[in-house]
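Visitor: Sharing a structure below in structure tokens format, with a few things to ask.
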Amino acid sequence: MLDTFRSDTRAIEGLPVRLVVALVVGVASMSVMLNMLSGVQGLATSELDVKPTPDVVGPGAQDLDFTVVDHEGNPVEGATVIVKSGTAEIDGVETAKTGGGGAATVHVDAELGANREDGTLVVDVKPPAGGSFVDRRENTNVLVVQD
């Protein structure tokens, strides 16, 4: 039986050649596919950030200005800024849509709970529809401090 394996040269010669051809074809096709994927920009997303002005306020009724920017600092039009209670209280949820310069103004009436010296208003942003924007990270909250 050992003599038949020694005399059969097909397996020894054929296997490495087939393996090398399969490896070369696989690497070449993988290279082409990765090149195609890296050239597609439609899969990329841009993280949005909200910059409140001012970011420290006192209790009471007031307007807060927000600027929504992308990861490069460019203003984003059509995003919705959402302000809601954190450790400081407002009635319900206040929203505003950004204009051409990425700016939005939200009117809030912030109140602090009993025996609280400060609190926060939580700021979220809903990206504009049809864009490649996302908001996965926490945004800058507005700090409400007692006068």
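In the structure tokens, each chain is lettered A, B, ... as it comes, each chain's residues begin at 1, and ligands are numbered from 1 in order of appearance.
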Report as a PyMOL selection string: the residues of chain A with a DSSP assignment of helix (DSSP H, G or I), based on the backbone of this structure.

Guide: chain A and resi 2-7+10-38

Visitor: Mind checking which residues fall within 6 Å of stretch 94-111 of chain A, counting only C-alpha atoms, ignoring those fewer than 6 positions away in the same chain, and posting them as an MDAnalysis selection string?

Guide: chainID A and resid 59:68 75:83 88

Visitor: Take the residues from that selection and write them out as a PDB file, in the first residue's frame, keeping N, CA, C and O atoms.

Guide:
ATOM      1  N   PRO A  59     -32.552  80.063  36.264  1.00  0.00           N
ATOM      2  CA  PRO A  59     -33.933  79.606  36.124  1.00  0.00           C
ATOM      3  C   PRO A  59     -34.809  80.706  35.538  1.00  0.00           C
ATOM      4  O   PRO A  59     -34.483  81.882  35.618  1.00  0.00           O
ATOM      5  N   GLY A  60     -35.919  80.309  34.914  1.00  0.00           N
ATOM      6  CA  GLY A  60     -36.861  81.274  34.362  1.00  0.00           C
ATOM      7  C   GLY A  60     -37.014  81.119  32.863  1.00  0.00           C
ATOM      8  O   GLY A  60     -36.346  80.311  32.215  1.00  0.00           O
ATOM      9  N   ALA A  61     -37.918  81.935  32.316  1.00  0.00           N
ATOM     10  CA  ALA A  61     -38.203  81.882  30.882  1.00  0.00           C
ATOM     11  C   ALA A  61     -37.112  82.591  30.100  1.00  0.00           C
ATOM     12  O   ALA A  61     -36.675  83.686  30.467  1.00  0.00           O
ATOM     13  N   GLN A  62     -36.658  81.966  29.028  1.00  0.00           N
ATOM     14  CA  GLN A  62     -35.587  82.535  28.204  1.00  0.00           C
ATOM     15  C   GLN A  62     -35.467  81.783  26.892  1.00  0.00           C
ATOM     16  O   GLN A  62     -35.974  80.667  26.754  1.00  0.00           O
ATOM     17  N   ASP A  63     -34.783  82.419  25.945  1.00  0.00           N
ATOM     18  CA  ASP A  63     -34.501  81.792  24.657  1.00  0.00           C
ATOM     19  C   ASP A  63     -33.087  81.247  24.671  1.00  0.00           C
ATOM     20  O   ASP A  63     -32.154  81.920  25.121  1.00  0.00           O
ATOM     21  N   LEU A  64     -32.932  80.033  24.167  1.00  0.00           N
ATOM     22  CA  LEU A  64     -31.613  79.414  24.025  1.00  0.00           C
ATOM     23  C   LEU A  64     -31.326  79.251  22.539  1.00  0.00           C
ATOM     24  O   LEU A  64     -32.172  78.759  21.792  1.00  0.00           O
ATOM     25  N   ASP A  65     -30.157  79.661  22.119  1.00  0.00           N
ATOM     26  CA  ASP A  65     -29.741  79.511  20.722  1.00  0.00           C
ATOM     27  C   ASP A  65     -28.850  78.287  20.591  1.00  0.00           C
ATOM     28  O   ASP A  65     -27.959  78.066  21.422  1.00  0.00           O
ATOM     29  N   PHE A  66     -29.080  77.518  19.542  1.00  0.00           N
ATOM     30  CA  PHE A  66     -28.308  76.309  19.289  1.00  0.00           C
ATOM     31  C   PHE A  66     -27.771  76.351  17.863  1.00  0.00           C
ATOM     32  O   PHE A  66     -28.453  76.812  16.955  1.00  0.00           O
ATOM     33  N   THR A  67     -26.567  75.842  17.690  1.00  0.00           N
ATOM     34  CA  THR A  67     -25.993  75.665  16.361  1.00  0.00           C
ATOM     35  C   THR A  67     -25.676  74.187  16.186  1.00  0.00           C
ATOM     36  O   THR A  67     -24.957  73.613  16.997  1.00  0.00           O
ATOM     37  N   VAL A  68     -26.220  73.583  15.151  1.00  0.00           N
ATOM     38  CA  VAL A  68     -25.966  72.172  14.844  1.00  0.00           C
ATOM     39  C   VAL A  68     -24.875  72.118  13.780  1.00  0.00           C
ATOM     40  O   VAL A  68     -24.983  72.759  12.734  1.00  0.00           O
ATOM     41  N   PRO A  75     -22.171  74.081   9.514  1.00  0.00           N
ATOM     42  CA  PRO A  75     -23.561  74.106   9.974  1.00  0.00           C
ATOM     43  C   PRO A  75     -24.431  73.144   9.164  1.00  0.00           C
ATOM     44  O   PRO A  75     -24.202  72.926   7.984  1.00  0.00           O
ATOM     45  N   VAL A  76     -25.442  72.583   9.840  1.00  0.00           N
ATOM     46  CA  VAL A  76     -26.337  71.603   9.220  1.00  0.00           C
ATOM     47  C   VAL A  76     -27.760  72.157   9.224  1.00  0.00           C
ATOM     48  O   VAL A  76     -28.313  72.485  10.275  1.00  0.00           O
ATOM     49  N   GLU A  77     -28.349  72.262   8.041  1.00  0.00           N
ATOM     50  CA  GLU A  77     -29.712  72.764   7.888  1.00  0.00           C
ATOM     51  C   GLU A  77     -30.706  71.609   7.965  1.00  0.00           C
ATOM     52  O   GLU A  77     -30.442  70.503   7.505  1.00  0.00           O
ATOM     53  N   GLY A  78     -31.860  71.869   8.572  1.00  0.00           N
ATOM     54  CA  GLY A  78     -32.938  70.882   8.598  1.00  0.00           C
ATOM     55  C   GLY A  78     -32.890  69.910   9.755  1.00  0.00           C
ATOM     56  O   GLY A  78     -33.723  69.017   9.836  1.00  0.00           O
ATOM     57  N   ALA A  79     -31.956  70.073  10.683  1.00  0.00           N
ATOM     58  CA  ALA A  79     -31.906  69.213  11.869  1.00  0.00           C
ATOM     59  C   ALA A  79     -32.895  69.741  12.902  1.00  0.00           C
ATOM     60  O   ALA A  79     -33.195  70.934  12.944  1.00  0.00           O
ATOM     61  N   THR A  80     -33.405  68.863  13.751  1.00  0.00           N
ATOM     62  CA  THR A  80     -34.339  69.259  14.799  1.00  0.00           C
ATOM     63  C   THR A  80     -33.641  69.180  16.144  1.00  0.00           C
ATOM     64  O   THR A  80     -33.145  68.119  16.529  1.00  0.00           O
ATOM     65  N   VAL A  81     -33.609  70.309  16.856  1.00  0.00           N
ATOM     66  CA  VAL A  81     -33.023  70.367  18.197  1.00  0.00           C
ATOM     67  C   VAL A  81     -34.122  70.061  19.199  1.00  0.00           C
ATOM     68  O   VAL A  81     -35.225  70.620  19.122  1.00  0.00           O
ATOM     69  N   ILE A  82     -33.835  69.166  20.137  1.00  0.00           N
ATOM     70  CA  ILE A  82     -34.809  68.738  21.138  1.00  0.00           C
ATOM     71  C   ILE A  82     -34.238  69.044  22.521  1.00  0.00           C
ATOM     72  O   ILE A  82     -33.128  68.600  22.846  1.00  0.00           O
ATOM     73  N   VAL A  83     -34.984  69.803  23.328  1.00  0.00           N
ATOM     74  CA  VAL A  83     -34.567  70.132  24.693  1.00  0.00           C
ATOM     75  C   VAL A  83     -35.604  69.539  25.635  1.00  0.00           C
ATOM     76  O   VAL A  83     -36.809  69.763  25.472  1.00  0.00           O
ATOM     77  N   ALA A  88     -32.823  69.580  35.797  1.00  0.00           N
ATOM     78  CA  ALA A  88     -33.633  70.793  35.841  1.00  0.00           C
ATOM     79  C   ALA A  88     -34.927  70.496  35.086  1.00  0.00           C
ATOM     80  O   ALA A  88     -34.938  69.656  34.175  1.00  0.00           O
TER      81      ALA A  88
END

Visitor: Need to verify the contact set: A:Val144, 9 Å, only C-alpha atoms, exclusion of same-chain residues closer than 6 positions in sequence. Can you return it as a ChimeraX atom specification?

Guide: /A:55-59,88,110-112,117-121

Visitor: Which residue, A:Gly26, A:Pro52, A:Gly113, A:Gly131, has the smallest gap to A:Thr87 when you use only C-alpha atoms?

Guide: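 Checking each candidate against A:Thr87, we get A:Gly113 as the closest.
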
Visitor: Please determine, counting only C-alpha atoms, which residue among A:Leu34, A:Ser46, A:Asp91, A:Val125 has the shortest atom-to-atom distance to A:Thr140.

Guide: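 Closest candidate: A:Val125.
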
Visitor: Taking the chain letters and numbering used in this document, name the residues of chain A that DSSP puts in strand (DSSP E or B), as a PyMOL selection string.

Guide: chain A and resi 46-47+49-53+56-57+60-69+75+80-85+89+93-97+103-111+118-126+133-134+142-145

Visitor: Quick one: pull the distance between atom CA of A:Gly92 and atom CA of A:Leu143, Å, one decimal.

Guide: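 Between atom CA of A:Gly92 and atom CA of A:Leu143 the gap is 17.6 Å.
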
Visitor: Pick from A:Ser29, A:Gln146, A:Asn141, A:Asn115: nearest to A:Ser85, with only C-alpha atoms counted?

Guide: A:Asn141

Visitor: Given the choices A:Ala114, A:Val122, A:Leu48, A:Val32, which gets closest to A:Asn74 if the distance is worked out from only C-alpha atoms?

Guide: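 Distance minimum relative to A:Asn74 lands on A:Leu48.
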
Visitor: Nearest residue to A:Glu47 out of A:Val69, A:Met33, A:Val27, A:Val93, using only C-alpha atoms?

Guide: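 That would be A:Val69, the residue with the smallest distance to A:Glu47.
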
Visitor: Using only C-alpha atoms, pick whichever of A:Ser31, A:Glu89, A:Glu72, A:Asp49 has the shortest atom-to-atom distance to A:Glu138.

Guide: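 Going through A:Ser31, A:Glu89, A:Glu72, A:Asp49 one by one, the smallest distance to A:Glu138 is for A:Asp49.
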
Visitor: Would you work out the distance separating atom CA of A:Arg116 from atom CA of A:Ile90, expressed in Å to one decimal?

Guide: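 Atom CA of A:Ile90 lies 14.7 Å from atom CA of A:Arg116.
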